[in-house]
Amino acid sequence: MLSTLFSFFYQFGDAFAFLVIASMGLAIIFGMMGVINLAHGEFIMCGAYTTVSLAQLGLPLPLAIIGGAAVAGLIGMLLEVTIIRHLYHRPLDSIVATWGLSMIATQGVLIVLGSTMQGVGTPLGSFTVGGFSYSTYRMVLMGIAVLLLVGLYLLFYHTRAGVIARATIQLPRMARATGVDTGRVYTLTFGLGAALAGLAGGLYAPTMTLVPTMGATFMVESFVTVVIGGGDIFLGAAPAAAILAVIRSGMTAWQGQLFGQIGLLITVIIVIRVLPGGLSGWILGGRK
Amino acid sequence: MPRVTQLVKALRLGVAVAALTASAGLAQDAIKIGVLEDQSGDFAAATMVKVNAITLAAEEINAAGGIGGRPIELIAYDTQSDNTRYQEFMRRVLQSDKVDVVFAGFSSASREAYRPIVNQFEGLAFYNNQYEGGVCDANMIVTGAVPEQQFSTLIPWMMEKYGKNVYTLAADYNFGQISAEWVRNIVEANGGTMVGEEFIPLGVSQFGQSIQNIQAAKPGFVVTLLVGAAQASYYEQAAAANVNLPMASSVNVGQGYEHKRFTPPSLKDMYVTTNFIEEVDTPAAKAFVEKFRARFPDEPYINQEAANSYIAMYLYKQMVERAGTTEHAALRAELAKGDVCFDGPSGKVCLDPKSQHMSHTIYLAKVEADHSISFPTVWENIAPYWLGEAGCDLTKNDPSAQYTPSSPPPAN
């Protein structure tokens with residue numbers, strides 16, 4: 001009995017961790033800043049490729065993952081200054097621009113680095129509960145997902161930098177009037193979103209095939225989580241990831257992967273029909 | 001992977017193809033061959049090598065005087081792992097480029113997407129890929145292996161060694177569904193039990209629940225019919241969860257060289273039936289690999305589809321030279337004689353007149369713990385017999401249909 005319970009917990013945690021880690025970067029760039037970032041998957045791919053390259057050069061995996069996030073973040077900041085900055089009030093144009101970036105990144109990696117790259121293997125081995133064996137690394141990913149949520153909450157709600165970032169995004173003119181360099185805040189916030197996407201790539205790189213198109217497998221889950229969550233990361237994306245994880249792992253356990261995906265998409269349709277502002281819009285609206 | 005050499009390789013390929021096209025364009029009466037293969041997208045890892053194999057064969061043939069004195073001109077398009085692109089480009093090569101023959105397709109979904117167009121314009125297409133079998137279509141010549149070659153050999157062998165409880169994990173589209181049906185029938189015919197079957201949508205990369213379902217069902221071995229780069233993540237995840245079950249497949253290793261891409265021992269005890277991989281230890285295979293690497297030094301892996309594409313080129317050359325024309329009816333008349341054979345990288349192969357499929361020597365490749373390959377057994381010269389026995393006879397009529405064990409050709 002205990003082993004069945006654990007297996008359900010593990011599958012839920014696994015789905016939850018994937019949704020949270022995959023969507024945090026997008027939650028900041030799309031949820032908070034309002035940039036519909038179709039290159040989200042390519043930031044993830046960039047993080048994964050950097051991580052594996054660094055690990056193959058002999059860097060310990062945790063440092064390589066941080067390196068992957070850092071590189072993705074730097075590229076994110078560079079793109080913000082050169083391209084995204086000019087598109088903040090043109091959401092449709094930003095779709096086209098980021099889509100173009102994503103195609104350039106995918107094809108560029110294919111041409112320069114080839115069609116695949118050898119992986120690094122999943123660290124930490126496995127453990128057994130009841131009749132089932134599980135990957136230890138995926139338990140670590142669950143822990144990291146929770147830490148990420150807590151860390152981002154502390155950053156945005158309990159530090160000066162976080163308050164400035166939220167102020168800049170909500171009321172840019174007022175923030176500028178009080179002396180905030182809003183341009184820099186936008187750059188840093190976009191960079192943080194890109195770095196979190198890179199982190200997702202780094203964390204999942206050891207468990208996946210490394211191909212230029214790997215980012216695409218994160219896209220549906222990321223957008224679904226952020227759209228259901230609405231604008232606020234903590235009141236939106238986190239509970240959205242939890243709800244979607246229950247639906248996905250439940251449906252997959254019951255009828256297989258196809259139904260897991262169907263469940264995910266039907267949930268989005270229902271939620272955006274009933275709650276156009278997403279979960280966070282509904283929670284915040286209910287408070288007023 | 002050294003970036004510079006990759007870039008140089010890409011440039012060199014571009015120049016080579018351009019030179020090939022230019023020189024052929026100047027000559028009179030080039031034979032135009034359309035090449036529709038995925039050079040980007042989800043399948044690129046397994047299919048870019050096919051374009052190189054076709055280029056290699058075309059260069060060899062041109063250097064030796066062409067096909068009956070006429071040079072080959074390749075007209076290649078990148079189909080981007082996208083079925084719609086296949087349809088667009090198939091129309092383009094047949095209607096505006098007016099090619100004599102097309103070499104096209106990796107996934108069965110793409111083949112079924114373009115096949116009606118080949119029929120509509122009375123084209124001739126070589127499908128140089130292993131697949132789920134059953135295509136009975138006079139406009140198609142198939143050089144890839146089919147289930148009676150890959151599963152009727154593999155599954156009984158695995159059941160003998162690892163027991164009669166079988167679990168199938170298959171990609172959820174025509175290839176996976178029909179292949180799973182073959183596996184199911186063979187398992188039942190050999191007194192075994194399917195303890196589980198799961199179909200995975202293309203593009204899925206997270207297998208936590210599937211891994212657990214497999215552990216709960218306790219099979220003797222798992223048949224993995226997973227397709228595309230995303231689904232290949234299964235092996236790493238199953239190994240990380242210590243599933244530790246033998247695996248059997250018709251597509252892994254021989255197509256996507258997973259044993260080269262993943263860290264050992266994640267593919268330990270994977271058994272694959274294939275008609276060629278670069279590890280095959282025959283003089284003919286070694287010579288082919290050497291020739292290939294001399295021309296394309298940075299090729300990551302020379303898989304069965306590379307050999308099949310290369311063989312297909314020489315089979316086409318032979319048919320055209322014997323018929324003295326590229327006229328399809330005349331070529332098929334040669335094929336109907338039943339002696340269109342080629343002794344190439346995978347040994348002697350022949351085209352079967354009834355189904356227009358190819359005979360194969362099938363190697364059982366086993367992945368060891370260090371990801372080296374051993375060959376526990378070899379099945380010599382297996383004919384593609386199923387379609388002919390089921391009632392497909394392209395020398396008599398052309399139904400242009402795909403049949404499966406549960407929907408065989410109508411008896412008449």
# chains A, B, ... in the order shown; residues from 1 in each chain; ligands from 1
$ closest_atom_pairs --of "range 170-261 of chain B" --to "range 278-293 of chain B" --cutoff "12 Å" --atoms "only C-alpha atoms" --output "Markdown table"
| residue | atom | partner | partner_atom | distance |
| --- | --- | --- | --- | --- |
| B:Val253 | CA | B:Glu278 | CA | 10.3 |
| B:Gly254 | CA | B:Glu278 | CA | 8.8 |
| B:Gln255 | CA | B:Glu278 | CA | 10.9 |
| B:Tyr257 | CA | B:Glu278 | CA | 9.9 |
| B:His259 | CA | B:Glu279 | CA | 11.7 |
| B:Lys260 | CA | B:Glu278 | CA | 11.6 |
$ residues_around --residues "range 207-218 of chain A" --least-positions-apart "2" --cutoff "7 Å" --atoms "only C-alpha atoms" --output "PyMOL selection string"
(chain A and resi 22+41-42+44-45+106+109-110+115-119+121-122+204-205+220-222) or (chain B and resi 41-42+203-205+229-230+232-233+236-237)
$ interface_residues --of "chain B" --to "chain A" --cutoff "8 Å" --atoms "only C-alpha atoms" --output "PyMOL selection string"
chain B and resi 1-4+6-7+10+40-42+44-45+198-201+203-205+208-210+212-213+215-216+229-230+232-234+236-237+240-243+260-264
$ write_last_selection --atoms "C-alpha atoms" --output "PDB file, in the first residue's frame"
ATOM      1  CA  MET B   1      32.434  17.797 -31.622  1.00  0.00           C
ATOM      2  CA  PRO B   2      34.822  20.143 -33.443  1.00  0.00           C
ATOM      3  CA  ARG B   3      32.793  23.033 -34.794  1.00  0.00           C
ATOM      4  CA  VAL B   4      35.142  24.037 -37.530  1.00  0.00           C
ATOM      5  CA  GLN B   6      31.504  20.411 -39.028  1.00  0.00           C
ATOM      6  CA  LEU B   7      31.198  23.744 -40.739  1.00  0.00           C
ATOM      7  CA  ALA B  10      28.656  21.458 -44.421  1.00  0.00           C
ATOM      8  CA  SER B  40      16.355  19.267 -40.177  1.00  0.00           C
ATOM      9  CA  GLY B  41      13.716  18.720 -37.509  1.00  0.00           C
ATOM     10  CA  ASP B  42      12.975  15.791 -35.186  1.00  0.00           C
ATOM     11  CA  ALA B  44      17.367  14.763 -38.863  1.00  0.00           C
ATOM     12  CA  ALA B  45      19.744  12.730 -36.697  1.00  0.00           C
ATOM     13  CA  GLU B 198       1.463   1.520 -24.626  1.00  0.00           C
ATOM     14  CA  PHE B 199       1.417   4.013 -27.471  1.00  0.00           C
ATOM     15  CA  ILE B 200       3.351   7.227 -27.029  1.00  0.00           C
ATOM     16  CA  PRO B 201       2.487  10.370 -29.005  1.00  0.00           C
ATOM     17  CA  GLY B 203       7.330  14.388 -29.371  1.00  0.00           C
ATOM     18  CA  VAL B 204       6.752  13.057 -25.838  1.00  0.00           C
ATOM     19  CA  SER B 205       9.997  13.077 -23.867  1.00  0.00           C
ATOM     20  CA  GLY B 208       8.047   8.415 -15.676  1.00  0.00           C
ATOM     21  CA  GLN B 209       4.632   6.772 -15.735  1.00  0.00           C
ATOM     22  CA  SER B 210       5.400   4.432 -18.645  1.00  0.00           C
ATOM     23  CA  GLN B 212       6.379   2.374 -13.837  1.00  0.00           C
ATOM     24  CA  ASN B 213       3.705   0.636 -15.909  1.00  0.00           C
ATOM     25  CA  GLN B 215       7.788  -2.424 -13.936  1.00  0.00           C
ATOM     26  CA  ALA B 216       4.288  -3.284 -12.720  1.00  0.00           C
ATOM     27  CA  ALA B 229      14.699  12.332 -30.961  1.00  0.00           C
ATOM     28  CA  ALA B 230      12.222  13.246 -28.214  1.00  0.00           C
ATOM     29  CA  ALA B 232      14.670   8.421 -27.469  1.00  0.00           C
ATOM     30  CA  SER B 233      14.834  10.006 -24.013  1.00  0.00           C
ATOM     31  CA  TYR B 234      13.108   6.830 -22.787  1.00  0.00           C
ATOM     32  CA  GLU B 236      18.180   7.287 -20.434  1.00  0.00           C
ATOM     33  CA  GLN B 237      15.182   7.608 -18.130  1.00  0.00           C
ATOM     34  CA  ALA B 240      18.222   5.969 -14.504  1.00  0.00           C
ATOM     35  CA  ALA B 241      15.231   4.232 -12.871  1.00  0.00           C
ATOM     36  CA  ASN B 242      17.124   0.929 -13.079  1.00  0.00           C
ATOM     37  CA  VAL B 243      14.435  -0.883 -15.098  1.00  0.00           C
ATOM     38  CA  LYS B 260      26.508   6.192 -29.694  1.00  0.00           C
ATOM     39  CA  ARG B 261      24.419   9.043 -28.329  1.00  0.00           C
ATOM     40  CA  PHE B 262      23.692   7.838 -24.813  1.00  0.00           C
ATOM     41  CA  THR B 263      26.028   7.157 -21.965  1.00  0.00           C
ATOM     42  CA  PRO B 264      26.699   3.455 -21.347  1.00  0.00           C
TER      43      PRO B 264
END
$ select_by_dssp --residues "range 286-353 of chain B" --states "alpha helix (DSSP H)" --output "PyMOL selection string"
chain B and resi 286-295+304-323+328-336
$ select_by_dssp --residues "range 151-393 of chain B" --states "strand (DSSP E or B)" --output "PDB file with N, CA and C atoms, in the first residue's frame"
ATOM      1  N   ASN B 165       6.590 -13.347 -21.702  1.00  0.00           N
ATOM      2  CA  ASN B 165       5.808 -12.157 -21.361  1.00  0.00           C
ATOM      3  C   ASN B 165       6.429 -10.925 -22.004  1.00  0.00           C
ATOM      4  N   VAL B 166       5.643 -10.261 -22.846  1.00  0.00           N
ATOM      5  CA  VAL B 166       6.193  -9.194 -23.674  1.00  0.00           C
ATOM      6  C   VAL B 166       5.432  -7.887 -23.439  1.00  0.00           C
ATOM      7  N   TYR B 167       6.167  -6.782 -23.403  1.00  0.00           N
ATOM      8  CA  TYR B 167       5.567  -5.454 -23.257  1.00  0.00           C
ATOM      9  C   TYR B 167       5.996  -4.617 -24.456  1.00  0.00           C
ATOM     10  N   THR B 168       5.051  -3.962 -25.119  1.00  0.00           N
ATOM     11  CA  THR B 168       5.390  -3.126 -26.266  1.00  0.00           C
ATOM     12  C   THR B 168       5.201  -1.650 -25.927  1.00  0.00           C
ATOM     13  N   LEU B 169       6.227  -0.876 -26.223  1.00  0.00           N
ATOM     14  CA  LEU B 169       6.164   0.578 -26.061  1.00  0.00           C
ATOM     15  C   LEU B 169       6.387   1.148 -27.457  1.00  0.00           C
ATOM     16  N   ALA B 170       5.338   1.734 -28.059  1.00  0.00           N
ATOM     17  CA  ALA B 170       5.451   2.099 -29.476  1.00  0.00           C
ATOM     18  C   ALA B 170       5.003   3.527 -29.719  1.00  0.00           C
ATOM     19  N   ALA B 171       5.600   4.138 -30.739  1.00  0.00           N
ATOM     20  CA  ALA B 171       5.202   5.474 -31.157  1.00  0.00           C
ATOM     21  C   ALA B 171       3.775   5.419 -31.702  1.00  0.00           C
ATOM     22  N   THR B 193       2.440 -14.086 -24.074  1.00  0.00           N
ATOM     23  CA  THR B 193       1.392 -13.183 -23.615  1.00  0.00           C
ATOM     24  C   THR B 193       1.878 -11.744 -23.726  1.00  0.00           C
ATOM     25  N   MET B 194       0.996 -10.864 -24.208  1.00  0.00           N
ATOM     26  CA  MET B 194       1.309  -9.431 -24.166  1.00  0.00           C
ATOM     27  C   MET B 194       0.902  -8.943 -22.780  1.00  0.00           C
ATOM     28  N   VAL B 195       1.870  -8.635 -21.928  1.00  0.00           N
ATOM     29  CA  VAL B 195       1.510  -8.163 -20.590  1.00  0.00           C
ATOM     30  C   VAL B 195       1.254  -6.659 -20.583  1.00  0.00           C
ATOM     31  N   GLY B 196       1.522  -6.003 -21.690  1.00  0.00           N
ATOM     32  CA  GLY B 196       1.224  -4.575 -21.749  1.00  0.00           C
ATOM     33  C   GLY B 196       1.575  -4.008 -23.109  1.00  0.00           C
ATOM     34  N   GLU B 197       0.882  -2.930 -23.449  1.00  0.00           N
ATOM     35  CA  GLU B 197       1.127  -2.241 -24.712  1.00  0.00           C
ATOM     36  C   GLU B 197       0.842  -0.779 -24.449  1.00  0.00           C
ATOM     37  N   GLU B 198       1.768   0.094 -24.803  1.00  0.00           N
ATOM     38  CA  GLU B 198       1.463   1.520 -24.626  1.00  0.00           C
ATOM     39  C   GLU B 198       1.924   2.284 -25.852  1.00  0.00           C
ATOM     40  N   PHE B 199       1.085   3.211 -26.296  1.00  0.00           N
ATOM     41  CA  PHE B 199       1.417   4.013 -27.471  1.00  0.00           C
ATOM     42  C   PHE B 199       1.719   5.439 -27.037  1.00  0.00           C
ATOM     43  N   ILE B 200       2.858   5.938 -27.487  1.00  0.00           N
ATOM     44  CA  ILE B 200       3.351   7.227 -27.029  1.00  0.00           C
ATOM     45  C   ILE B 200       3.239   8.238 -28.171  1.00  0.00           C
ATOM     46  N   PHE B 221      10.851  -9.063 -21.541  1.00  0.00           N
ATOM     47  CA  PHE B 221      11.586  -8.033 -22.284  1.00  0.00           C
ATOM     48  C   PHE B 221      10.603  -7.010 -22.830  1.00  0.00           C
ATOM     49  N   VAL B 222      11.128  -5.852 -23.227  1.00  0.00           N
ATOM     50  CA  VAL B 222      10.301  -4.752 -23.721  1.00  0.00           C
ATOM     51  C   VAL B 222      10.610  -4.535 -25.195  1.00  0.00           C
ATOM     52  N   VAL B 223       9.554  -4.494 -26.016  1.00  0.00           N
ATOM     53  CA  VAL B 223       9.751  -4.157 -27.422  1.00  0.00           C
ATOM     54  C   VAL B 223       9.624  -2.644 -27.549  1.00  0.00           C
ATOM     55  N   THR B 224      10.723  -1.969 -27.899  1.00  0.00           N
ATOM     56  CA  THR B 224      10.677  -0.508 -28.005  1.00  0.00           C
ATOM     57  C   THR B 224      10.604  -0.104 -29.469  1.00  0.00           C
ATOM     58  N   LEU B 225       9.485   0.482 -29.844  1.00  0.00           N
ATOM     59  CA  LEU B 225       9.288   0.954 -31.218  1.00  0.00           C
ATOM     60  C   LEU B 225       9.120   2.466 -31.171  1.00  0.00           C
ATOM     61  N   MET B 247      15.736  -5.281 -24.134  1.00  0.00           N
ATOM     62  CA  MET B 247      14.841  -4.590 -25.063  1.00  0.00           C
ATOM     63  C   MET B 247      15.023  -5.175 -26.457  1.00  0.00           C
ATOM     64  N   ALA B 248      13.949  -5.132 -27.243  1.00  0.00           N
ATOM     65  CA  ALA B 248      14.011  -5.606 -28.619  1.00  0.00           C
ATOM     66  C   ALA B 248      13.425  -4.528 -29.507  1.00  0.00           C
ATOM     67  N   SER B 249      14.020  -4.330 -30.692  1.00  0.00           N
ATOM     68  CA  SER B 249      13.528  -3.241 -31.526  1.00  0.00           C
ATOM     69  C   SER B 249      13.862  -3.467 -32.987  1.00  0.00           C
ATOM     70  N   MET B 270      20.012  -4.263 -25.460  1.00  0.00           N
ATOM     71  CA  MET B 270      19.077  -3.913 -26.527  1.00  0.00           C
ATOM     72  C   MET B 270      19.396  -4.817 -27.716  1.00  0.00           C
ATOM     73  N   TYR B 271      18.370  -5.507 -28.228  1.00  0.00           N
ATOM     74  CA  TYR B 271      18.558  -6.385 -29.378  1.00  0.00           C
ATOM     75  C   TYR B 271      17.814  -5.796 -30.575  1.00  0.00           C
ATOM     76  N   VAL B 272      18.502  -5.670 -31.698  1.00  0.00           N
ATOM     77  CA  VAL B 272      17.904  -5.038 -32.871  1.00  0.00           C
ATOM     78  C   VAL B 272      18.133  -5.897 -34.104  1.00  0.00           C
ATOM     79  N   THR B 273      17.094  -6.055 -34.914  1.00  0.00           N
ATOM     80  CA  THR B 273      17.289  -6.717 -36.203  1.00  0.00           C
ATOM     81  C   THR B 273      17.455  -5.638 -37.268  1.00  0.00           C
ATOM     82  N   THR B 274      18.564  -5.725 -37.994  1.00  0.00           N
ATOM     83  CA  THR B 274      18.854  -4.693 -38.980  1.00  0.00           C
ATOM     84  C   THR B 274      19.608  -5.321 -40.146  1.00  0.00           C
ATOM     85  N   CYS B 341      19.154  -7.754 -58.829  1.00  0.00           N
ATOM     86  CA  CYS B 341      19.873  -7.989 -57.578  1.00  0.00           C
ATOM     87  C   CYS B 341      21.096  -7.093 -57.527  1.00  0.00           C
ATOM     88  N   PHE B 342      21.624  -6.910 -56.323  1.00  0.00           N
ATOM     89  CA  PHE B 342      22.837  -6.100 -56.172  1.00  0.00           C
ATOM     90  C   PHE B 342      23.653  -6.653 -55.023  1.00  0.00           C
ATOM     91  N   ASP B 343      24.945  -6.782 -55.257  1.00  0.00           N
ATOM     92  CA  ASP B 343      25.818  -7.276 -54.205  1.00  0.00           C
ATOM     93  C   ASP B 343      26.528  -6.076 -53.602  1.00  0.00           C
ATOM     94  N   GLY B 344      26.021  -5.588 -52.488  1.00  0.00           N
ATOM     95  CA  GLY B 344      26.518  -4.327 -51.951  1.00  0.00           C
ATOM     96  C   GLY B 344      26.922  -4.417 -50.494  1.00  0.00           C
ATOM     97  N   GLY B 347      25.565  -7.334 -48.406  1.00  0.00           N
ATOM     98  CA  GLY B 347      25.514  -8.649 -49.055  1.00  0.00           C
ATOM     99  C   GLY B 347      24.601  -8.600 -50.267  1.00  0.00           C
ATOM    100  N   LYS B 348      24.223  -9.777 -50.761  1.00  0.00           N
ATOM    101  CA  LYS B 348      23.408  -9.806 -51.972  1.00  0.00           C
ATOM    102  C   LYS B 348      21.938  -9.570 -51.633  1.00  0.00           C
ATOM    103  N   VAL B 349      21.326  -8.638 -52.335  1.00  0.00           N
ATOM    104  CA  VAL B 349      19.901  -8.361 -52.128  1.00  0.00           C
ATOM    105  C   VAL B 349      19.204  -8.396 -53.482  1.00  0.00           C
ATOM    106  N   CYS B 350      17.920  -8.801 -53.483  1.00  0.00           N
ATOM    107  CA  CYS B 350      17.153  -8.869 -54.725  1.00  0.00           C
ATOM    108  C   CYS B 350      15.789  -8.244 -54.528  1.00  0.00           C
ATOM    109  N   LEU B 351      15.249  -7.670 -55.622  1.00  0.00           N
ATOM    110  CA  LEU B 351      13.897  -7.115 -55.546  1.00  0.00           C
ATOM    111  C   LEU B 351      12.882  -8.200 -55.883  1.00  0.00           C
ATOM    112  N   MET B 358      12.460  -5.666 -50.975  1.00  0.00           N
ATOM    113  CA  MET B 358      13.789  -6.237 -51.184  1.00  0.00           C
ATOM    114  C   MET B 358      14.108  -7.330 -50.164  1.00  0.00           C
ATOM    115  N   HIS B 360      16.661  -9.395 -47.695  1.00  0.00           N
ATOM    116  CA  HIS B 360      17.718  -8.893 -46.825  1.00  0.00           C
ATOM    117  C   HIS B 360      18.383 -10.014 -46.048  1.00  0.00           C
ATOM    118  N   THR B 361      19.662  -9.840 -45.790  1.00  0.00           N
ATOM    119  CA  THR B 361      20.291 -10.627 -44.731  1.00  0.00           C
ATOM    120  C   THR B 361      20.154  -9.808 -43.466  1.00  0.00           C
ATOM    121  N   ILE B 362      19.573 -10.432 -42.435  1.00  0.00           N
ATOM    122  CA  ILE B 362      19.254  -9.677 -41.219  1.00  0.00           C
ATOM    123  C   ILE B 362      20.233 -10.036 -40.105  1.00  0.00           C
ATOM    124  N   TYR B 363      20.856  -9.017 -39.549  1.00  0.00           N
ATOM    125  CA  TYR B 363      21.776  -9.203 -38.434  1.00  0.00           C
ATOM    126  C   TYR B 363      21.056  -8.930 -37.133  1.00  0.00           C
ATOM    127  N   LEU B 364      21.273  -9.788 -36.136  1.00  0.00           N
ATOM    128  CA  LEU B 364      20.778  -9.474 -34.799  1.00  0.00           C
ATOM    129  C   LEU B 364      21.912  -8.742 -34.080  1.00  0.00           C
ATOM    130  N   ALA B 365      21.707  -7.460 -33.823  1.00  0.00           N
ATOM    131  CA  ALA B 365      22.742  -6.670 -33.158  1.00  0.00           C
ATOM    132  C   ALA B 365      22.390  -6.566 -31.686  1.00  0.00           C
ATOM    133  N   LYS B 366      23.362  -6.881 -30.831  1.00  0.00           N
ATOM    134  CA  LYS B 366      23.137  -6.766 -29.389  1.00  0.00           C
ATOM    135  C   LYS B 366      24.038  -5.672 -28.839  1.00  0.00           C
ATOM    136  N   VAL B 367      23.450  -4.769 -28.043  1.00  0.00           N
ATOM    137  CA  VAL B 367      24.249  -3.711 -27.420  1.00  0.00           C
ATOM    138  C   VAL B 367      24.761  -4.236 -26.083  1.00  0.00           C
ATOM    139  N   ILE B 373      28.915  -3.412 -29.966  1.00  0.00           N
ATOM    140  CA  ILE B 373      27.891  -4.226 -30.610  1.00  0.00           C
ATOM    141  C   ILE B 373      28.428  -5.634 -30.830  1.00  0.00           C
ATOM    142  N   SER B 374      27.621  -6.632 -30.497  1.00  0.00           N
ATOM    143  CA  SER B 374      27.963  -8.001 -30.892  1.00  0.00           C
ATOM    144  C   SER B 374      26.811  -8.539 -31.736  1.00  0.00           C
ATOM    145  N   PHE B 375      27.070  -9.599 -32.483  1.00  0.00           N
ATOM    146  CA  PHE B 375      26.038 -10.162 -33.359  1.00  0.00           C
ATOM    147  C   PHE B 375      25.795 -11.620 -32.973  1.00  0.00           C
ATOM    148  N   PRO B 376      24.822 -11.861 -32.062  1.00  0.00           N
ATOM    149  CA  PRO B 376      24.588 -13.234 -31.615  1.00  0.00           C
ATOM    150  C   PRO B 376      24.161 -14.163 -32.755  1.00  0.00           C
ATOM    151  N   THR B 377      23.442 -13.656 -33.746  1.00  0.00           N
ATOM    152  CA  THR B 377      23.043 -14.521 -34.847  1.00  0.00           C
ATOM    153  C   THR B 377      22.758 -13.710 -36.107  1.00  0.00           C
ATOM    154  N   VAL B 378      22.725 -14.414 -37.231  1.00  0.00           N
ATOM    155  CA  VAL B 378      22.440 -13.771 -38.519  1.00  0.00           C
ATOM    156  C   VAL B 378      21.433 -14.637 -39.260  1.00  0.00           C
ATOM    157  N   TRP B 379      20.414 -14.015 -39.862  1.00  0.00           N
ATOM    158  CA  TRP B 379      19.474 -14.747 -40.709  1.00  0.00           C
ATOM    159  C   TRP B 379      19.765 -14.374 -42.156  1.00  0.00           C
ATOM    160  N   GLU B 380      20.173 -15.348 -42.960  1.00  0.00           N
ATOM    161  CA  GLU B 380      20.590 -15.057 -44.332  1.00  0.00           C
ATOM    162  C   GLU B 380      19.384 -14.943 -45.262  1.00  0.00           C
ATOM    163  N   ASN B 381      19.456 -13.997 -46.195  1.00  0.00           N
ATOM    164  CA  ASN B 381      18.529 -13.928 -47.332  1.00  0.00           C
ATOM    165  C   ASN B 381      17.065 -14.137 -47.008  1.00  0.00           C
ATOM    166  N   ILE B 382      16.499 -13.268 -46.233  1.00  0.00           N
ATOM    167  CA  ILE B 382      15.074 -13.405 -45.929  1.00  0.00           C
ATOM    168  C   ILE B 382      14.296 -12.605 -46.974  1.00  0.00           C
TER     169      ILE B 382
END
$ closest_atom_pairs --of "range 271-362 of chain B" --to "range 32-35 of chain B" --cutoff "12 Å" --atoms "only C-alpha atoms" --output "JSON lines"
{"residue": "B:Ser309", "atom": "CA", "partner": "B:Val35", "partner_atom": "CA", "distance": 10.3}
{"residue": "B:Ala312", "atom": "CA", "partner": "B:Ile33", "partner_atom": "CA", "distance": 11.7}
{"residue": "B:Met313", "atom": "CA", "partner": "B:Ile33", "partner_atom": "CA", "distance": 9.5}
{"residue": "B:Tyr316", "atom": "CA", "partner": "B:Ile33", "partner_atom": "CA", "distance": 10.3}
{"residue": "B:Lys317", "atom": "CA", "partner": "B:Ile33", "partner_atom": "CA", "distance": 11.2}
{"residue": "B:Thr326", "atom": "CA", "partner": "B:Lys32", "partner_atom": "CA", "distance": 10.1}
$ write_last_selection --atoms "N, CA and C atoms" --output "tab-separated table (two decimals), in the first residue's frame"
chain	number	residue	atom	x	y	z
B	309	SER	N	19.80	3.34	-49.06
B	309	SER	CA	19.74	4.41	-50.06
B	309	SER	C	20.80	4.20	-51.13
B	312	ALA	N	19.78	1.32	-53.31
B	312	ALA	CA	18.66	1.70	-54.18
B	312	ALA	C	19.16	2.40	-55.44
B	313	MET	N	20.19	3.22	-55.26
B	313	MET	CA	20.75	3.95	-56.38
B	313	MET	C	21.28	2.96	-57.43
B	316	TYR	N	18.49	1.06	-59.20
B	316	TYR	CA	17.85	1.89	-60.21
B	316	TYR	C	18.72	1.94	-61.47
B	317	LYS	N	20.03	2.12	-61.25
B	317	LYS	CA	20.98	2.15	-62.37
B	317	LYS	C	20.85	0.88	-63.20
B	326	THR	N	14.26	5.29	-69.01
B	326	THR	CA	13.80	5.53	-67.65
B	326	THR	C	12.28	5.38	-67.55
$ closest_residue --among "B:Ser400, B:Gly176, B:Val227, B:Glu258" --to "Ile117 in chain B" --atoms "only C-alpha atoms"
B:Ser400
$ atom_distance --atom1 "CA of Arg184 in chain A" --atom2 "CA of Gly231 in chain A"
21.3 Å
$ closest_residue --among "A:Leu59, A:Met77, A:Ala165, A:Met32" --to "Gly230 in chain A" --atoms "only C-alpha atoms"
A:Met32
